[in-house]
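Enquirer: Just target-v7.pdb, nothing more (PDB, C-alpha atoms):
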ATOM      1  CA  MET A 295     106.342 117.749  71.425
ATOM      2  CA  SER A 296     107.529 121.360  71.251
ATOM      3  CA  ALA A 297     103.991 122.574  71.885
ATOM      4  CA  ARG A 298     103.673 120.500  75.047
ATOM      5  CA  ILE A 299     107.130 120.853  76.599
ATOM      6  CA  ASN A 300     109.065 124.064  77.065
ATOM      7  CA  THR A 301     110.495 124.183  80.593
ATOM      8  CA  ILE A 302     111.257 120.769  82.036
ATOM      9  CA  LEU A 303     112.491 119.515  85.410
ATOM     10  CA  VAL A 304     114.221 116.115  85.407
ATOM     11  CA  LEU A 305     114.809 114.402  88.741
ATOM     12  CA  GLY A 306     117.607 111.850  88.794
ATOM     13  CA  SER A 307     119.664 113.498  86.057
ATOM     14  CA  ALA A 308     123.234 112.531  86.885
ATOM     15  CA  HIS A 309     123.304 109.075  85.318
ATOM     16  CA  GLY A 310     121.546 106.618  83.030
ATOM     17  CA  ILE A 311     118.118 107.415  81.641
ATOM     18  CA  GLY A 312     117.866 110.733  83.469
ATOM     19  CA  GLU A 313     121.138 112.070  82.089
ATOM     20  CA  ALA A 314     120.240 110.896  78.586
ATOM     21  CA  LEU A 315     116.853 112.631  78.795
ATOM     22  CA  VAL A 316     118.481 115.852  79.960
ATOM     23  CA  ARG A 317     120.921 115.785  77.064
ATOM     24  CA  ARG A 318     118.214 115.066  74.487
ATOM     25  CA  PHE A 319     115.744 117.692  75.739
ATOM     26  CA  TYR A 320     118.564 120.227  75.980
ATOM     27  CA  GLY A 321     119.523 119.409  72.394
ATOM     28  CA  LEU A 322     115.934 120.097  71.359
ATOM     29  CA  GLY A 323     116.203 123.604  72.732
ATOM     30  CA  LYS A 324     114.183 123.138  75.915
ATOM     31  CA  LYS A 325     114.881 124.910  79.192
ATOM     32  CA  VAL A 326     116.080 122.049  81.400
ATOM     33  CA  ILE A 327     116.504 121.925  85.168
ATOM     34  CA  ALA A 328     118.513 118.854  86.207
ATOM     35  CA  THR A 329     118.602 117.480  89.733
ATOM     36  CA  GLY A 330     120.627 114.807  91.471
ATOM     37  CA  ARG A 331     121.618 113.620  94.903
ATOM     38  CA  GLU A 332     124.498 115.062  96.910
ATOM     39  CA  GLN A 333     126.786 112.216  95.820
ATOM     40  CA  SER A 334     126.228 113.315  92.211
ATOM     41  CA  ARG A 335     127.196 116.953  92.740
ATOM     42  CA  ASN A 336     130.391 116.667  90.672
ATOM     43  CA  LYS A 337     128.575 114.929  87.811
ATOM     44  CA  LEU A 338     125.917 117.635  87.774
ATOM     45  CA  ALA A 339     128.624 120.296  87.674
ATOM     46  CA  GLN A 340     130.191 118.498  84.716
ATOM     47  CA  LEU A 341     126.853 118.509  82.889
ATOM     48  CA  GLU A 342     126.471 122.218  83.612
ATOM     49  CA  GLN A 343     129.853 122.890  81.998
ATOM     50  CA  GLU A 344     129.076 120.731  78.960
ATOM     51  CA  LEU A 345     125.610 122.188  78.408
ATOM     52  CA  PRO A 346     125.637 126.015  78.734
ATOM     53  CA  GLY A 347     122.341 127.285  80.098
ATOM     54  CA  LEU A 348     121.483 124.026  81.848
ATOM     55  CA  GLU A 349     120.363 124.649  85.410
ATOM     56  CA  ILE A 350     121.429 122.135  88.047
ATOM     57  CA  ARG A 351     120.190 121.566  91.569
ATOM     58  CA  VAL A 352     121.377 119.177  94.246
ATOM     59  CA  TRP A 353     118.226 117.640  95.697
ATOM     60  CA  GLU A 354     118.580 114.887  98.276
ATOM     61  CA  LEU A 355     115.276 113.037  97.961
ATOM     62  CA  THR A 356     115.809 111.108 101.191
ATOM     63  CA  ASP A 357     115.462 114.418 103.068
ATOM     64  CA  LEU A 358     111.672 114.407 103.043
ATOM     65  CA  GLU A 359     111.415 117.331 105.468
ATOM     66  CA  SER A 360     112.987 119.702 102.933
ATOM     67  CA  LEU A 361     110.972 118.410  99.976
ATOM     68  CA  GLN A 362     108.265 121.069 100.051
ATOM     69  CA  ASP A 363     110.868 123.824 100.328
ATOM     70  CA  GLU A 364     112.701 122.448  97.288
ATOM     71  CA  VAL A 365     109.479 122.448  95.269
ATOM     72  CA  LYS A 366     108.614 125.992  96.342
ATOM     73  CA  SER A 367     112.113 127.185  95.410
ATOM     74  CA  ILE A 368     111.913 125.628  91.946
ATOM     75  CA  LEU A 369     108.462 127.075  91.275
ATOM     76  CA  SER A 370     109.557 130.472  92.548
ATOM     77  CA  ASP A 371     112.408 130.477  90.036
ATOM     78  CA  HIS A 372     110.336 128.865  87.268
ATOM     79  CA  PRO A 373     106.663 129.854  87.583
ATOM     80  CA  LYS A 374     106.026 128.623  84.030
ATOM     81  CA  LEU A 375     107.473 125.154  84.626
ATOM     82  CA  ASP A 376     105.258 122.946  82.464
ATOM     83  CA  THR A 377     106.837 119.494  82.664
ATOM     84  CA  VAL A 378     108.225 117.340  85.470
ATOM     85  CA  ILE A 379     109.954 113.984  84.976
ATOM     86  CA  ILE A 380     110.324 112.006  88.205
ATOM     87  CA  ASN A 381     113.043 109.561  87.273
ATOM     88  CA  ALA A 382     115.127 109.073  90.417
ATOM     89  CA  GLY A 383     115.676 105.504  91.545
ATOM     90  CA  ILE A 384     118.111 102.995  93.010
ATOM     91  CA  GLN A 385     118.209  99.200  92.954
ATOM     92  CA  THR A 386     119.569  96.616  95.378
ATOM     93  CA  HIS A 387     119.878  92.863  95.017
ATOM     94  CA  TYR A 388     119.649  90.475  97.956
ATOM     95  CA  ASN A 389     118.233  87.146  99.091
ATOM     96  CA  ILE A 390     116.005  87.452 102.120
ATOM     97  CA  PHE A 391     116.804  83.937 103.327
ATOM     98  CA  GLN A 392     120.562  84.047 102.803
ATOM     99  CA  GLN A 393     121.813  87.527 103.609
ATOM    100  CA  PRO A 394     119.043  89.991 104.436
ATOM    101  CA  PRO A 395     119.996  93.635 103.786
ATOM    102  CA  ASN A 396     120.474  96.309 106.360
ATOM    103  CA  GLU A 397     117.051  97.738 107.237
ATOM    104  CA  LYS A 398     118.319 101.245 106.563
ATOM    105  CA  GLU A 399     119.180 100.241 102.997
ATOM    106  CA  VAL A 400     115.657  98.906 102.446
ATOM    107  CA  ILE A 401     114.117 102.083 103.847
ATOM    108  CA  ARG A 402     116.404 104.208 101.671
ATOM    109  CA  GLU A 403     115.405 102.312  98.533
ATOM    110  CA  ILE A 404     111.704 102.633  99.360
ATOM    111  CA  THR A 405     112.136 106.345 100.077
ATOM    112  CA  ILE A 406     113.977 107.152  96.842
ATOM    113  CA  ASN A 407     111.897 104.893  94.594
ATOM    114  CA  LEU A 408     108.401 105.358  96.009
ATOM    115  CA  THR A 409     107.851 107.708  98.954
ATOM    116  CA  ALA A 410     109.737 110.697  97.562
ATOM    117  CA  PRO A 411     108.352 110.368  94.006
ATOM    118  CA  ILE A 412     104.791 110.292  95.340
ATOM    119  CA  LEU A 413     105.395 113.344  97.523
ATOM    120  CA  VAL A 414     107.135 115.204  94.678
ATOM    121  CA  ALA A 415     104.286 114.428  92.283
ATOM    122  CA  GLN A 416     101.700 115.573  94.817
ATOM    123  CA  ALA A 417     103.653 118.757  95.452
ATOM    124  CA  PHE A 418     103.902 119.735  91.774
ATOM    125  CA  ALA A 419     100.420 118.551  90.738
ATOM    126  CA  PRO A 420      98.478 121.658  91.885
ATOM    127  CA  HIS A 421     100.884 123.953  90.004
ATOM    128  CA  LEU A 422     100.676 121.869  86.827
ATOM    129  CA  LEU A 423      96.883 121.700  87.034
ATOM    130  CA  ALA A 424      96.518 125.450  87.582
ATOM    131  CA  LEU A 425      98.871 126.179  84.687
ATOM    132  CA  ALA A 426      96.925 123.782  82.447
ATOM    133  CA  GLN A 427      93.625 125.361  83.442
ATOM    134  CA  SER A 428      95.040 128.753  82.451
ATOM    135  CA  GLY A 429      95.787 127.491  78.947
ATOM    136  CA  THR A 430      99.347 126.106  79.094
ATOM    137  CA  LYS A 431      99.700 122.396  78.353
ATOM    138  CA  THR A 432     101.479 120.599  81.200
ATOM    139  CA  ASN A 433     102.870 117.151  81.841
ATOM    140  CA  ILE A 434     104.116 114.951  84.646
ATOM    141  CA  PHE A 435     106.065 111.794  83.851
ATOM    142  CA  LEU A 436     106.831 109.108  86.436
ATOM    143  CA  THR A 437     109.362 106.388  85.663
ATOM    144  CA  SER A 438     108.296 102.935  86.789
ATOM    145  CA  SER A 439     109.733  99.785  85.186
ATOM    146  CA  ALA A 440     108.706  96.660  83.319
ATOM    147  CA  LEU A 441     109.478  95.020  86.669
ATOM    148  CA  ALA A 442     106.502  96.895  88.128
ATOM    149  CA  TYR A 443     104.343  94.507  86.113
ATOM    150  CA  PHE A 444     106.626  91.462  86.055
ATOM    151  CA  PRO A 445     108.484  91.156  89.380
ATOM    152  CA  VAL A 446     111.574  88.958  89.559
ATOM    153  CA  ALA A 447     113.165  87.399  92.624
ATOM    154  CA  PHE A 448     116.420  89.317  92.238
ATOM    155  CA  TYR A 449     114.997  92.605  93.517
ATOM    156  CA  PRO A 450     112.796  92.209  96.637
ATOM    157  CA  THR A 451     112.523  95.966  97.251
ATOM    158  CA  TYR A 452     112.903  97.468  93.790
ATOM    159  CA  CYS A 453     110.028  95.552  92.162
ATOM    160  CA  PRO A 454     107.364  96.448  94.754
ATOM    161  CA  THR A 455     108.436 100.099  94.859
ATOM    162  CA  LYS A 456     108.075 100.367  91.093
ATOM    163  CA  ALA A 457     104.727  98.539  91.223
ATOM    164  CA  GLY A 458     103.581 101.045  93.814
ATOM    165  CA  LEU A 459     104.694 103.980  91.683
ATOM    166  CA  SER A 460     102.896 102.498  88.674
ATOM    167  CA  ALA A 461      99.678 102.227  90.702
ATOM    168  CA  PHE A 462     100.078 105.786  91.990
ATOM    169  CA  THR A 463     100.492 107.089  88.429
ATOM    170  CA  LYS A 464      97.230 105.456  87.365
ATOM    171  CA  ILE A 465      95.436 106.900  90.398
ATOM    172  CA  LEU A 466      96.852 110.370  89.756
ATOM    173  CA  ARG A 467      95.599 110.170  86.171
ATOM    174  CA  ASP A 468      92.148 109.031  87.313
ATOM    175  CA  GLN A 469      91.891 111.891  89.804
ATOM    176  CA  LEU A 470      92.999 114.348  87.131
ATOM    177  CA  HIS A 471      90.169 113.050  84.922
ATOM    178  CA  TYR A 472      87.646 114.060  87.590
ATOM    179  CA  THR A 473      88.845 117.688  87.391
ATOM    180  CA  GLY A 474      87.776 117.875  83.739
ATOM    181  CA  CYS A 475      91.135 119.335  82.710
ATOM    182  CA  LYS A 476      92.269 118.077  79.297
ATOM    183  CA  ASP A 477      95.518 120.041  79.032
ATOM    184  CA  MET A 478      97.493 118.200  81.731
ATOM    185  CA  ASN A 479      98.971 114.784  80.950
ATOM    186  CA  VAL A 480     100.030 112.115  83.468
ATOM    187  CA  VAL A 481     102.402 109.672  81.788
ATOM    188  CA  GLU A 482     104.034 106.499  83.059
ATOM    189  CA  ILE A 483     107.474 105.791  81.612
ATOM    190  CA  VAL A 484     107.991 102.012  81.533
ATOM    191  CA  PRO A 485     111.591 101.132  80.630
ATOM    192  CA  PRO A 486     112.732  97.594  79.892
ATOM    193  CA  TYR A 487     116.096  96.313  81.143
ATOM    194  CA  ILE A 488     118.601  98.942  79.976
ATOM    195  CA  ASP A 489     122.371  98.993  80.105
ATOM    196  CA  THR A 490     122.964 101.611  82.815
ATOM    197  CA  ASP A 491     124.761 101.660  86.136
ATOM    198  CA  LEU A 492     121.474 101.036  87.993
ATOM    199  CA  ASP A 493     122.417  97.376  88.407
ATOM    200  CA  GLY A 494     126.163  97.842  88.084
ATOM    201  CA  ALA A 495     126.939  96.719  91.620
ATOM    202  CA  HIS A 496     125.171  93.373  91.257
ATOM    203  CA  ARG A 497     124.901  92.552  87.538
ATOM    204  CA  ASP A 498     127.431  89.730  87.784
ATOM    205  CA  GLN A 499     125.409  88.147  90.587
ATOM    206  CA  THR A 500     122.086  88.336  88.763
ATOM    207  CA  ASP A 501     123.693  87.084  85.551
ATOM    208  CA  ALA A 502     125.014  84.095  87.490
ATOM    209  CA  LEU A 503     121.549  83.362  88.853
ATOM    210  CA  GLN A 504     120.325  83.136  85.240
ATOM    211  CA  GLY A 505     122.983  80.621  84.284
ATOM    212  CA  GLY A 506     125.736  83.023  83.329
ATOM    213  CA  LYS A 507     126.138  86.078  81.115
ATOM    214  CA  ASP A 508     125.493  84.122  77.919
ATOM    215  CA  LYS A 509     122.084  82.966  79.165
ATOM    216  CA  ALA A 510     121.081  86.086  81.078
ATOM    217  CA  VAL A 511     118.547  88.555  79.698
ATOM    218  CA  PRO A 512     120.603  91.123  77.743
ATOM    219  CA  PRO A 513     120.065  94.818  78.447
ATOM    220  CA  MET A 514     119.020  97.288  75.753
ATOM    221  CA  ARG A 515     121.602  99.897  74.794
ATOM    222  CA  LEU A 516     120.780 103.213  76.429
ATOM    223  CA  ALA A 517     121.176 105.116  73.158
ATOM    224  CA  ASP A 518     118.718 102.767  71.437
ATOM    225  CA  TYR A 519     116.226 103.182  74.262
ATOM    226  CA  ILE A 520     116.388 106.976  74.139
ATOM    227  CA  ASP A 521     115.908 107.020  70.357
ATOM    228  CA  GLN A 522     112.858 104.763  70.646
ATOM    229  CA  PHE A 523     111.525 106.706  73.633
ATOM    230  CA  PHE A 524     111.485 109.976  71.714
ATOM    231  CA  THR A 525     109.884 108.291  68.730
ATOM    232  CA  ALA A 526     107.127 106.980  71.019
ATOM    233  CA  LEU A 527     106.821 110.391  72.663
ATOM    234  CA  GLU A 528     105.794 111.857  69.316
ATOM    235  CA  GLN A 529     102.989 109.306  68.892
ATOM    236  CA  ARG A 530     100.329 111.521  70.412
ATOM    237  CA  GLY A 531      96.556 111.403  70.419
ATOM    238  CA  ALA A 532      94.260 113.404  68.161
ATOM    239  CA  ASP A 533      94.175 116.212  70.746
ATOM    240  CA  GLY A 534      97.966 116.293  71.007
ATOM    241  CA  SER A 535      98.111 114.458  74.336
ATOM    242  CA  PHE A 536     100.876 112.023  75.143
ATOM    243  CA  LYS A 537     100.061 108.357  75.561
ATOM    244  CA  ASN A 538      99.242 107.197  79.098
ATOM    245  CA  GLU A 539     102.258 104.894  79.075
ATOM    246  CA  ILE A 540     105.456 105.184  77.104
ATOM    247  CA  GLY A 541     106.997 101.745  77.124
ATOM    248  CA  ILE A 542     109.693 100.366  74.875
ATOM    249  CA  GLY A 543     110.187  96.667  74.105
ATOM    250  CA  TRP A 544     109.251  94.598  77.117
ATOM    251  CA  GLY A 545     108.230  97.843  78.796
ATOM    252  CA  ALA A 546     105.499  98.276  76.164
ATOM    253  CA  GLN A 547     104.171  94.729  76.444
ATOM    254  CA  CYS A 548     103.699  94.706  80.224
ATOM    255  CA  PRO A 549     101.167  97.583  80.426
ATOM    256  CA  GLU A 550      99.209  96.038  77.554
ATOM    257  CA  VAL A 551      98.902  92.730  79.401
ATOM    258  CA  PHE A 552      97.841  94.595  82.545
ATOM    259  CA  ARG A 553      95.281  96.685  80.670
ATOM    260  CA  GLU A 554      93.714  93.634  79.043
ATOM    261  CA  GLY A 555      93.331  91.856  82.368
ATOM    262  CA  TYR A 556      92.101  94.969  84.156
ATOM    263  CA  GLN A 557      89.448  95.638  81.520
ATOM    264  CA  LYS A 558      88.154  92.077  81.772
ATOM    265  CA  LEU A 559      87.902  92.346  85.551
ATOM    266  CA  SER A 560      86.323  95.796  85.323
ATOM    267  CA  LYS A 561      83.612  94.464  83.041
ATOM    268  CA  ALA A 562      83.030  91.444  85.269
ATOM    269  CA  LEU A 563      82.512  93.772  88.239
ATOM    270  CA  GLY A 564      80.162  95.990  86.276
ATOM    271  CA  TRP A 565      82.495  99.011  86.383
ATOM    272  CA  SER A 566      82.544  99.352  82.611
ATOM    273  CA  GLU A 567      80.688  98.063  79.574
TER     274      GLU A 567
END
So that I can check it, write out the structure of this file as structure tokens.

Expert:
Amino acid sequence: MSARINTILVLGSAHGIGEALVRRFYGLGKKVIATGREQSRNKLAQLEQELPGLEIRVWELTDLESLQDEVKSILSDHPKLDTVIINAGIQTHYNIFQQPPNEKEVIREITINLTAPILVAQAFAPHLLALAQSGTKTNIFLTSSALAYFPVAFYPTYCPTKAGLSAFTKILRDQLHYTGCKDMNVVEIVPPYIDTDLDGAHRDQTDALQGGKDKAVPPMRLADYIDQFFTALEQRGADGSFKNEIGIGWGAQCPEVFREGYQKLSKALGWSE
């Protein structure tokens, strides 16, 4: 991993998976730039105090008009940035037929989970490609979810946004293939259900819908997920490339089921042998 990752930008770093990734990469001696929304400013400042040398940036992803300026500023300060992890995301729970959400909340969730990640990826892609073509291995990771492949009724906006981001990641990888560049990796991170504050506001409700906490699907411990993630990260190809998807538990099974079905359909359509 050390040969592929040196300077890394992690979006959505104030909590959950993002914070854990920042801490682990920092512990491995990487140069880490951590970003979070305005509401996470204090948490980012706390991380900066705990981890000397960590760089923090407040980046409000819902402000799409400033997105290109943010990217230009980061690249100006870090022209050798070789890895970007787009991990930001929020999750709401509602029933369309009982108490539909405020439209602004739906738009905000779509913006943070799908629109902004696509625009961020597209903004950094030319830099990462150019750096790779000059001889530096580069990487872009996008965090989807097992729910991108297996939608559940609890999350009417979250599931389709993650499915959209999963599809975008595959398309980005396909378009990269056409450039002929072998030194840039596009990786989809596919987490299972993890014990973070992502669903903290509505976990009791979704547990109840599954028959109560004792019957509900249990979340994986965040520490266990991070340990397994970094183990999977080291399982690279013969050329040193990362796997196309890094899924753990249920998050590993879902892409496999998709790939099997896609390959069958591709053969039936004559797209592949």

Enquirer: Could you tell me which of A:Thr386, A:Ser438, A:Arg497, A:His421 comes closest to A:Ala546 if we count all atoms listed in the file?

Expert: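 Comparing A:Thr386, A:Ser438, A:Arg497, A:His421 against A:Ala546, the winner is A:Ser438.
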
Enquirer: Have a look at A:Gln522, A:Thr329, A:Thr451, A:Asn336 and name the one nearest to A:Leu348; count only C-alpha atoms.

Expert: A:Thr329

Enquirer: For a quick check of understanding, using all atoms listed in the file, which of A:Arg318, A:Lys464, A:Arg351, A:Lys456 has the smallest distance to A:Thr405?

Expert: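 With all atoms listed in the file as the atom set, the closest residue is A:Lys456.
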
Enquirer: Apply the PyMOL selection byres ((chain A and resi 462) around 10) to the displayed file and report the matching residues as a PyMOL selection string.

Expert: chain A and resi 408+411-412+415+436+456-461+463-468+482

Enquirer: Of the residues A:Leu355, A:Leu492, A:Leu441, A:Leu369, which is the one nearest to A:Thr301, using all atoms listed in the file?

Expert: A:Leu369

Enquirer: Given the point (98.2, 119.2, 76.5) in the coordinates of this file, which residues lie within 6 Å, counting all atoms listed in the file, and how would they look as an MDAnalysis selection string?

Expert: chainID A and resid 298 431:432 477:478 535

Enquirer: Taking the file as I've supplied it (selection: the PyMOL selection byres ((chain A and resi 439) around 7)), which residues are included? Please answer as an mmCIF file with C-alpha atoms, in the coordinates of the input.

Expert:
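Resulting contents of out-v4.cif:
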data_model
loop_
_atom_site.group_PDB
_atom_site.id
_atom_site.type_symbol
_atom_site.label_atom_id
_atom_site.label_comp_id
_atom_site.auth_asym_id
_atom_site.auth_seq_id
_atom_site.Cartn_x
_atom_site.Cartn_y
_atom_site.Cartn_z
ATOM 1 C CA THR A 437 109.362 106.388 85.663
ATOM 2 C CA SER A 438 108.296 102.935 86.789
ATOM 3 C CA ALA A 440 108.706 96.660 83.319
ATOM 4 C CA LEU A 441 109.478 95.020 86.669
ATOM 5 C CA ALA A 442 106.502 96.895 88.128
ATOM 6 C CA LYS A 456 108.075 100.367 91.093
ATOM 7 C CA VAL A 484 107.991 102.012 81.533
ATOM 8 C CA PRO A 485 111.591 101.132 80.630
ATOM 9 C CA PRO A 486 112.732 97.594 79.892
ATOM 10 C CA GLY A 545 108.230 97.843 78.796
#

Enquirer: Go through the shown structure with the PyMOL selection byres ((chain A and resi 499) around 12) and write out the matching residues as a PDB file with C-alpha atoms, in the coordinates of the input.

Expert:
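After the write, out-v2.pdb holds the following:
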ATOM      1  CA  THR A 386     119.569  96.616  95.378  1.00  0.00           C
ATOM      2  CA  HIS A 387     119.878  92.863  95.017  1.00  0.00           C
ATOM      3  CA  TYR A 388     119.649  90.475  97.956  1.00  0.00           C
ATOM      4  CA  ASN A 389     118.233  87.146  99.091  1.00  0.00           C
ATOM      5  CA  PHE A 448     116.420  89.317  92.238  1.00  0.00           C
ATOM      6  CA  TYR A 449     114.997  92.605  93.517  1.00  0.00           C
ATOM      7  CA  ASP A 493     122.417  97.376  88.407  1.00  0.00           C
ATOM      8  CA  GLY A 494     126.163  97.842  88.084  1.00  0.00           C
ATOM      9  CA  ALA A 495     126.939  96.719  91.620  1.00  0.00           C
ATOM     10  CA  HIS A 496     125.171  93.373  91.257  1.00  0.00           C
ATOM     11  CA  ARG A 497     124.901  92.552  87.538  1.00  0.00           C
ATOM     12  CA  ASP A 498     127.431  89.730  87.784  1.00  0.00           C
ATOM     13  CA  THR A 500     122.086  88.336  88.763  1.00  0.00           C
ATOM     14  CA  ASP A 501     123.693  87.084  85.551  1.00  0.00           C
ATOM     15  CA  ALA A 502     125.014  84.095  87.490  1.00  0.00           C
ATOM     16  CA  LEU A 503     121.549  83.362  88.853  1.00  0.00           C
ATOM     17  CA  GLN A 504     120.325  83.136  85.240  1.00  0.00           C
ATOM     18  CA  GLY A 505     122.983  80.621  84.284  1.00  0.00           C
ATOM     19  CA  GLY A 506     125.736  83.023  83.329  1.00  0.00           C
ATOM     20  CA  LYS A 507     126.138  86.078  81.115  1.00  0.00           C
ATOM     21  CA  ALA A 510     121.081  86.086  81.078  1.00  0.00           C
TER      22      ALA A 510
END

Enquirer: Given all atoms listed in the file as the basis, pick out the residue of A:Asn381, A:Ser360, A:Gln340, A:Lys374 nearest to A:Gly306.

Expert: A:Asn381

Enquirer: Using atom CA of A:Val414 and atom CA of A:His471 as the two end points, give the distance in Å to one decimal.

Expert: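 Computing the Euclidean distance for atom CA of A:Val414 and atom CA of A:His471 yields 19.7 Å.
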
Enquirer: Compare A:Gln385, A:Thr377, A:Gln547, A:Gln333 by their minimum atom-to-atom distance to A:Ala426, counting only C-alpha atoms, and give me the closest one.

Expert: A:Thr377

Enquirer: If we count all atoms listed in the file, what is near A:Lys366 at a cut-off of 10 Å, once residues fewer than 6 positions away on the same chain are taken out, given as a list of chain:residue names?

Expert: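 The residues satisfying every condition are A:His372, A:Pro373, A:Ala417, A:Phe418.
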
Enquirer: For A:Val316, please output as a short mmCIF file (atom, residue, chain, number, x, y, z; two decimals) with C-alpha atoms, keeping the file's coordinate frame all residues within 8 Å (counting all atoms listed in the file; exclusion window: fewer than 4 positions along the same chain).

Expert:
data_model
loop_
_atom_site.label_atom_id
_atom_site.label_comp_id
_atom_site.auth_asym_id
_atom_site.auth_seq_id
_atom_site.Cartn_x
_atom_site.Cartn_y
_atom_site.Cartn_z
CA VAL A 304 114.22 116.12 85.41
CA SER A 307 119.66 113.50 86.06
CA GLY A 312 117.87 110.73 83.47
CA TYR A 320 118.56 120.23 75.98
CA VAL A 326 116.08 122.05 81.40
CA ALA A 328 118.51 118.85 86.21
#

Enquirer: I'd like the interatomic distance between atom CA of A:Pro420 and atom CA of A:Val481, to a tenth of an Å.

Expert: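 Answer for the atom CA of A:Pro420 to atom CA of A:Val481 separation: 16.2 Å.
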
Enquirer: In file coordinates, which residues lie within 9 Å of (114.5, 123.0, 74.2) using only C-alpha atoms, given as a ChimeraX atom specification?

Expert: /A:296,299-302,318-326

Enquirer: Give me, please, the distance in Å between atom CA of A:Ile368 and atom CA of A:Ile327, quoted to one decimal.

Expert: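 Going from atom CA of A:Ile368 over to atom CA of A:Ile327 covers 9.0 Å.
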